[in-house]
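Working notes for the structure below.
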Amino acid sequence: MSGLILTALVILVFIVIYQIARASEYVNLIRGEEETVSKKTNKALAWVLLIIFFLGMWGIYECHKHLAPLYLPESASEQGLQYESMLMWTIIITGIAFFGTQLFLFWFSFKYQAREGRKPLFYSHNNKLELIWTTIPALTLMVLVAIGLKNWNNMTSKAPEDSLKVQVVGKQFNFIIRYPGKDGVFGKTNFRLINDANNVLGLDWNDPAAKDDIIIENGEIHIINERNVQFVINSRDVLHNLSLPHFRMKMDAVPGITTTLWMTPRISTAKMREITGNPDFVYEIPCSEMCGKGHYSMKGTVIVETKAEFEKWLSEQKAYYSMHHEVAAAPKADAPPAGAAPADSAAVAKDTTTVAVK
Amino acid sequence: MSNDATLVQAHDAHGHHDGHHEHHKQHFITKYIFSQDHKMIGKQYLVTGIIWAIIGALFSVFFRLQLGFPESNFPIMEQFLGEWAKGGKLSPEFYYAMVTMHGTILVFFVLTAGLSGTFSNFLIPLQIGARDMASPFMNMLSYWFFFISSIIMFASLFISTGPAAGGWTTYPPLSALKEASLGSGLGMDLWLISMTLFIVSQVLGGLNYVSTILNMRTNGMKMTRMPLTMWSFFFTAVLGLLSFPVLVSAVVLLLFDRHMGTSFYLSEIFIGGKALSHMGGSPILYQHLFWFLGHPEVYIVMLPGMGMASEILSTHSRKPIFGYTAMIISLIGITALALIVWAHHMFVSGMSPFLGSVFVLLTLLIAIPSAIKVFNWLTTIWRGSIRFTVPMVFAIGFVSIFISGGLTGIWLGNSALDIHLHDTYFVVAHFHLVMGVSAFFGMFAGVYHWFPKMFGRFMNNTLGYIHFFITFIGAYLIFWPMHYAGLAGMPRRYYDYTQWATYAPYQSMNAFISIVVVITFFAQLLFVFNFFVSMFRGRKVTSTNPWGSTTLEWTTPVHPGHGNWEGPIPEVHRWPYDYRDDGNGKDFIPQNIPLRPGEEEH
């Protein structure tokens, strides 16, 4: 009912505006102003456009004043520093183009408004001018391409041999993290062996390398400050994205395909807490590839710590195999017990809350 | 020309009845419903597009309310959405369904069918001097395929599992597996079927546009004497013909994966508590196929606006378009490059980084023809005599917003920046400005400019100006702040940001944007109101050429009948931008006026 009343009200208001607007047009016609736009209106509009231009410039300033302080703290990765410097150059170049062209657009609109006695110039082309404004953007863009490709090649190059290797697997709607354990080798996995009760990544227990693998189910990625880290990224179900905004990086998680991303963290979580003045600061990792109804709550965290802290933490983690084979009386990992693994959708609420509580 | 002769005969046959072709009584059904008159088909596309635009925009209002005020309830939403918004609180499933439908509706149904469907149909025969399209029957079929596809898409809004909810790109596996999301059930099948029919409609329409422009130009209408609108519609159709069929293959393979157990896009998936049997497929394949259309699609959306803005800027500045040839060459450049930049949507998809660097180069190249166009538009109004008619202010707004949205493309096209900005609000701001709002501004400019030709009446100017200023200011207020959120990496397609320490501070920005969205939405309703009321009550057009324009459509009667010209089709003697003294006190010379003795063509 209220919807109906609202609709009726809106239509009524429109009718009133329309009738007033129509009447004013007829008044102009009766006055004998049969031009498409009356001289008075034309002049007024030219002014309004000019004022809007200045208001717009002021708006940009205000917007910047309010939103720039919310920007991320300085990049927490070396690669992010390249991103930041490249961003600066891009802002400068496109900024010049933006303010220049908008200024000309609104200035010309104002200056060349129709006036008594103005004779438009018949000016159909000028090859020299056109050559200039083809060449300048082309050269400028080549500079940006060159900077961009240099950085891109750095970022996507092969990860250094000594990188810490961490596997990140996306699923609806959280991240599962795996460390290779003492042997430094990730055990084999097979998606057919997955079950949510005791083998979330489908580790193949026939592979000895799998037995010491450590799995972190709460989405916390521990990495060492100033040590290269390579993320080996997979997905269990649909597309996800491991997104590291504070490190200025991201990469999709694709089922059936392994993607990788490496970076050099440069600011520890503790240090970042000092920098931001926020004692609760954590590096949040959002999923950035639409993955279903819980997409907005798919969260992980990165904890950047010293080598000593990391090693202490790691030594406290139990191998996933031992966690599930001491407790279970009859380990039958590779045959998912019927009904033991509830539908993922049912587990969703639980998963999300765990992450949220974190 | 051959078609000319046949249609003139048809015209004569009608003449027996009452001597005036346009007064000939046609049955209601053949005149307004199953019409083969390109002008009526154009209007059908326009009205259908307007209805879709209202639905699509209303969805954006709803999900903006959720984003702006995640803690509040809006009982009015329950009125519209029923159980999807119980107690006035949108459910996450339907939030995603609405985001998906908003994108699908606006990109395909409004800015493709509603835009090029309307203006290509309406203007091509009128501006090149033809009585109708190459195949009026196919043209009619094209609209009706679009209509059926619309009905199916519309129906999907009402089924119990809701419409498709995997984003307008519908990436598998999310869209392929009904376990993954409610919207991947029947809603997704309807989406796929609807899109297939939509593509049939586009291909039928596109073939007609291309063949009409190539074959049916009147005497003297050389390709290089065509208005830029014709060039832009021509390349729009070419792009559509080359890329839309690829989407069919993407869609059909997805249907196979959904229902026939094939594994084109699926591999090693554990979902709903069980491992699926699919092996060896690649979700990235779908992304390649989708974006092979998806990227040209954004130019299918942009080019008509560019063409119409060129025409309108020139007409209302009383000055020829600057660099006509350069404009055509840049259209060709954009068309060619549009087909080979698709993978810039996939820099972080897991695609080979080397392939990524090739696409960086190609993508940034496309900024060159775009820049040329902007500079040429600026030079067109330079030293003109500008009449700020409603179409003109919209054309100026088009250029402004195209610049703002286009420049950020240079950021996103560079993979080393995209690695951070990908799938954030920066992308949302970029593409809404450049292909959403600016395409809309081109469309609005076109509607206000050609409304007198369509209906023999003017739209109300005052309302037009109100519409323009609210929309122009609104667009900037909505999308400019989003760049800041995007730079901070704020992911798009999120239902709620309150539990994110990094993004919760943007809540007041989101609330502000949502309020502006509501206001801007009502301004669009004002346009719709103006459109329909002016059809019947607008100020009547008294002269055949109210804007003082040079192109051929203004040589037809105020209410052209089927066949467009009463007598023979006018011949063309000059290029379309002769805005100069005609020697009789007028500041323009229409294309059908022969060169004066001693006068050289432009």
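In the structure tokens, chains take letters A, B, ... by order of appearance, with residues numbered from 1 within each chain and ligands from 1 in the order shown.
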Kindly provide the residues of chain B that approach chain A to within 6 Å, each paired with its closest atom pair and their distance in Å to one decimal, based on only C-alpha atoms, listed by chain and increasing number, as a Markdown table.
```
| residue | atom | partner | partner_atom | distance |
| --- | --- | --- | --- | --- |
| B:Pro92 | CA | A:Lys293 | CA | 5.6 |
| B:Glu93 | CA | A:Lys293 | CA | 5.3 |
| B:Pro173 | CA | A:Val238 | CA | 5.1 |
| B:Leu174 | CA | A:Val238 | CA | 5.3 |
| B:Ser181 | CA | A:Gly292 | CA | 5.6 |
| B:Ser267 | CA | A:Gly256 | CA | 4.9 |
| B:Glu268 | CA | A:Gly256 | CA | 5.1 |
| B:Ile269 | CA | A:Asp237 | CA | 4.9 |
| B:Phe270 | CA | A:Asp237 | CA | 5.4 |
| B:Ile271 | CA | A:Asp237 | CA | 5.6 |
| B:Gly272 | CA | A:Ala343 | CA | 4.5 |
| B:Gly273 | CA | A:Ala343 | CA | 4.6 |
| B:Ala275 | CA | A:Arg192 | CA | 5.4 |
| B:Pro320 | CA | A:Ser124 | CA | 5.9 |
| B:Phe322 | CA | A:Ser124 | CA | 4.8 |
| B:Gly323 | CA | A:His125 | CA | 4.6 |
| B:Val348 | CA | A:Met251 | CA | 5.0 |
| B:Ser349 | CA | A:Asp252 | CA | 5.1 |
| B:Gly350 | CA | A:Thr259 | CA | 5.6 |
| B:Leu378 | CA | A:Leu105 | CA | 6.0 |
| B:Trp382 | CA | A:Phe108 | CA | 5.7 |
| B:Arg383 | CA | A:Tyr112 | CA | 5.6 |
| B:Gly384 | CA | A:Pro120 | CA | 4.4 |
| B:Ser385 | CA | A:Ala114 | CA | 4.2 |
| B:Ile386 | CA | A:Gln113 | CA | 4.4 |
| B:Arg387 | CA | A:Ala114 | CA | 5.7 |
| B:Phe388 | CA | A:Asn42 | CA | 5.6 |
| B:Asn414 | CA | A:Gly148 | CA | 5.9 |
| B:Ala416 | CA | A:Trp152 | CA | 4.9 |
| B:Ile419 | CA | A:Met249 | CA | 5.4 |
| B:His420 | CA | A:Arg248 | CA | 4.8 |
| B:Thr462 | CA | A:Ala21 | CA | 5.5 |
| B:Ala488 | CA | A:Tyr71 | CA | 5.4 |
| B:Gly489 | CA | A:Pro245 | CA | 5.2 |
| B:Pro491 | CA | A:Ser288 | CA | 5.5 |
| B:Tyr494 | CA | A:Tyr296 | CA | 4.5 |
| B:Tyr495 | CA | A:Tyr296 | CA | 5.7 |
```
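Close contacts of B:Gln591, defined as residues with an atom at most 6 Å away when counting only C-alpha atoms, with chain neighbours fewer than 5 positions off set aside, comprise Thr550, Thr551, Val572, His573, Arg574 and Pro576 of chain B.
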* To do: Please measure the separation of atom CA of B:Leu253 and atom CA of B:Phe290, giving the value in Å to one decimal.
  =>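 Answer for the atom CA of B:Leu253 to atom CA of B:Phe290 separation: 11.4 Å.
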* To do: For B:Phe394, list every protein, DNA or RNA residue within 6 Å, evaluated using only C-alpha atoms, and leave out those in the same chain fewer than 3 positions away; present the list as a VMD selection string.
  => chain B and resid 391 397 to 398 441 445
Go ahead and save the picked residues with C-alpha atoms, as an mmCIF file, in the first residue's frame.
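Output file part16.cif is given in full below:
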```
data_model
loop_
_atom_site.group_PDB
_atom_site.id
_atom_site.type_symbol
_atom_site.label_atom_id
_atom_site.label_comp_id
_atom_site.auth_asym_id
_atom_site.auth_seq_id
_atom_site.Cartn_x
_atom_site.Cartn_y
_atom_site.Cartn_z
ATOM 1 C CA PRO B 391 20.835 17.081 -26.513
ATOM 2 C CA GLY B 397 28.284 15.633 -20.410
ATOM 3 C CA PHE B 398 29.077 12.577 -22.499
ATOM 4 C CA PHE B 441 24.537 10.215 -21.906
ATOM 5 C CA ALA B 445 21.490 13.020 -26.174
#
```
* To do: Going by DSSP on the backbone, which bits of stretch 121-348 of chain A are alpha helix (DSSP H)? Write them as a ChimeraX atom specification, please.
  => /A:127-156,269-276,307-316,320-327,344-348
* Please identify all polymer residues within 9 Å of B:Val210, counting only C-alpha atoms, omitting same-chain residues fewer than 5 positions from it, and present them as JSON, numbers by chain. => {"B": [205, 215, 233, 234, 235, 237, 238]}
If you run DSSP on the backbone here, which positions in stretch 7-196 of chain A get strand (DSSP E or B)? Please write them as a tab-separated table (two decimals) with N, CA, C and O atoms, in the first residue's frame.
```tsv
chain	number	residue	atom	x	y	z
A	77	SER	N	54.71	-4.80	1.29
A	77	SER	CA	55.60	-5.67	0.52
A	77	SER	C	56.49	-4.84	-0.39
A	77	SER	O	56.14	-3.71	-0.74
A	113	GLN	N	29.64	30.03	-26.39
A	113	GLN	CA	28.18	29.99	-26.38
A	113	GLN	C	27.66	30.90	-27.49
A	113	GLN	O	28.31	31.89	-27.85
A	164	LEU	N	59.75	-19.07	1.30
A	164	LEU	CA	58.88	-19.86	2.15
A	164	LEU	C	57.68	-20.26	1.32
A	164	LEU	O	57.11	-19.43	0.63
A	165	LYS	N	57.32	-21.54	1.38
A	165	LYS	CA	56.19	-21.97	0.54
A	165	LYS	C	54.97	-22.20	1.42
A	165	LYS	O	55.04	-22.92	2.41
A	166	VAL	N	53.87	-21.56	1.02
A	166	VAL	CA	52.63	-21.73	1.76
A	166	VAL	C	51.53	-22.01	0.75
A	166	VAL	O	51.43	-21.33	-0.27
A	167	GLN	N	50.75	-23.04	1.03
A	167	GLN	CA	49.63	-23.29	0.14
A	167	GLN	C	48.38	-22.64	0.71
A	167	GLN	O	48.12	-22.70	1.91
A	168	VAL	N	47.61	-21.97	-0.18
A	168	VAL	CA	46.34	-21.38	0.24
A	168	VAL	C	45.25	-21.98	-0.63
A	168	VAL	O	45.31	-21.89	-1.85
A	169	VAL	N	44.27	-22.61	0.01
A	169	VAL	CA	43.19	-23.22	-0.77
A	169	VAL	C	41.89	-22.52	-0.42
A	169	VAL	O	41.53	-22.40	0.75
A	170	GLY	N	41.18	-22.03	-1.43
A	170	GLY	CA	39.90	-21.38	-1.20
A	170	GLY	C	38.78	-22.39	-1.23
A	170	GLY	O	38.85	-23.39	-1.96
A	171	LYS	N	37.80	-22.21	-0.39
A	171	LYS	CA	36.57	-22.99	-0.49
A	171	LYS	C	35.44	-22.08	-0.02
A	171	LYS	O	35.67	-21.06	0.62
A	174	ASN	N	35.83	-19.92	3.12
A	174	ASN	CA	37.02	-19.58	3.89
A	174	ASN	C	38.29	-20.08	3.19
A	174	ASN	O	38.22	-20.76	2.16
A	175	PHE	N	39.42	-19.68	3.75
A	175	PHE	CA	40.70	-20.12	3.20
A	175	PHE	C	41.31	-21.19	4.10
A	175	PHE	O	41.25	-21.09	5.32
A	176	ILE	N	41.87	-22.23	3.49
A	176	ILE	CA	42.58	-23.25	4.25
A	176	ILE	C	44.06	-23.13	3.89
A	176	ILE	O	44.41	-23.00	2.71
A	177	ILE	N	44.90	-23.16	4.91
A	177	ILE	CA	46.33	-22.91	4.69
A	177	ILE	C	47.10	-24.21	4.96
A	177	ILE	O	46.78	-24.95	5.89
A	178	ARG	N	48.10	-24.46	4.15
A	178	ARG	CA	48.93	-25.66	4.39
A	178	ARG	C	50.41	-25.32	4.35
A	178	ARG	O	50.86	-24.57	3.46
A	179	TYR	N	51.14	-25.83	5.31
A	179	TYR	CA	52.61	-25.74	5.31
A	179	TYR	C	53.17	-27.13	5.05
A	179	TYR	O	52.57	-28.13	5.48
A	189	THR	N	47.99	-34.54	-3.09
A	189	THR	CA	46.58	-34.46	-2.73
A	189	THR	C	45.74	-35.01	-3.88
A	189	THR	O	46.19	-35.08	-5.02
A	195	ASN	N	37.38	-34.97	2.66
A	195	ASN	CA	36.13	-34.93	3.40
A	195	ASN	C	36.28	-33.95	4.54
A	195	ASN	O	37.38	-33.75	5.08
```
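Atom CA of B:Pro560 is found 28.1 Å from atom CA of B:Asp581.
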* Using only C-alpha atoms, which residues sit within 8 Å of B:Leu289 once same-chain residues fewer than 4 positions away are excluded, as an MDAnalysis selection string? -> chainID B and resid 246:247 249:250 285 293
Could you write those residues out with all heavy atoms, as a JSON list (two decimals), in the first residue's frame?
```
[["chain", "number", "residue", "atom", "x", "y", "z"],
["B", 246, "VAL", "N", 30.62, -15.99, -30.47],
["B", 246, "VAL", "CA", 31.54, -16.69, -29.56],
["B", 246, "VAL", "C", 30.89, -16.90, -28.21],
["B", 246, "VAL", "O", 31.10, -17.91, -27.54],
["B", 246, "VAL", "CB", 32.86, -15.89, -29.42],
["B", 246, "VAL", "CG1", 33.80, -16.57, -28.43],
["B", 246, "VAL", "CG2", 33.52, -15.78, -30.77],
["B", 247, "LEU", "N", 30.05, -15.93, -27.81],
["B", 247, "LEU", "CA", 29.35, -16.10, -26.53],
["B", 247, "LEU", "C", 28.38, -17.27, -26.61],
["B", 247, "LEU", "O", 28.18, -17.98, -25.62],
["B", 247, "LEU", "CB", 28.62, -14.82, -26.14],
["B", 247, "LEU", "CG", 27.98, -14.86, -24.74],
["B", 247, "LEU", "CD1", 29.03, -15.02, -23.67],
["B", 247, "LEU", "CD2", 27.16, -13.61, -24.47],
["B", 249, "SER", "N", 28.89, -20.02, -28.11],
["B", 249, "SER", "CA", 29.64, -21.24, -27.83],
["B", 249, "SER", "C", 29.93, -21.35, -26.35],
["B", 249, "SER", "O", 29.79, -22.42, -25.76],
["B", 249, "SER", "CB", 30.93, -21.28, -28.66],
["B", 249, "SER", "OG", 31.75, -20.21, -28.31],
["B", 250, "ALA", "N", 30.28, -20.22, -25.72],
["B", 250, "ALA", "CA", 30.54, -20.26, -24.27],
["B", 250, "ALA", "C", 29.29, -20.73, -23.53],
["B", 250, "ALA", "O", 29.36, -21.57, -22.63],
["B", 250, "ALA", "CB", 30.95, -18.88, -23.78],
["B", 285, "LEU", "N", 39.04, -21.17, -19.58],
["B", 285, "LEU", "CA", 38.55, -21.23, -20.97],
["B", 285, "LEU", "C", 37.27, -20.42, -21.10],
["B", 285, "LEU", "O", 37.09, -19.64, -22.04],
["B", 285, "LEU", "CB", 38.29, -22.69, -21.37],
["B", 285, "LEU", "CG", 37.52, -22.88, -22.68],
["B", 285, "LEU", "CD1", 38.34, -22.37, -23.86],
["B", 285, "LEU", "CD2", 37.16, -24.35, -22.89],
["B", 293, "LEU", "N", 33.70, -11.93, -26.32],
["B", 293, "LEU", "CA", 32.56, -11.06, -26.56],
["B", 293, "LEU", "C", 32.59, -9.89, -25.59],
["B", 293, "LEU", "O", 32.42, -8.75, -25.99],
["B", 293, "LEU", "CB", 31.22, -11.77, -26.35],
["B", 293, "LEU", "CG", 30.15, -10.70, -26.05],
["B", 293, "LEU", "CD1", 29.61, -10.14, -27.31],
["B", 293, "LEU", "CD2", 29.11, -11.13, -25.11]]
```
* **Long-range neighbours of stretch 501-516 of chain B as a VMD selection string, 7 Å cut-off, only C-alpha atoms, 2 positions minimum in chain** => chain B and resid 64 to 65 67 to 69 474 477 to 478 490 497 to 499 518 to 520
* Asked: Which distance in Å separates atom CA of A:Asn206 and atom CA of A:Ile223, to one decimal?
  -> 28.6 Å
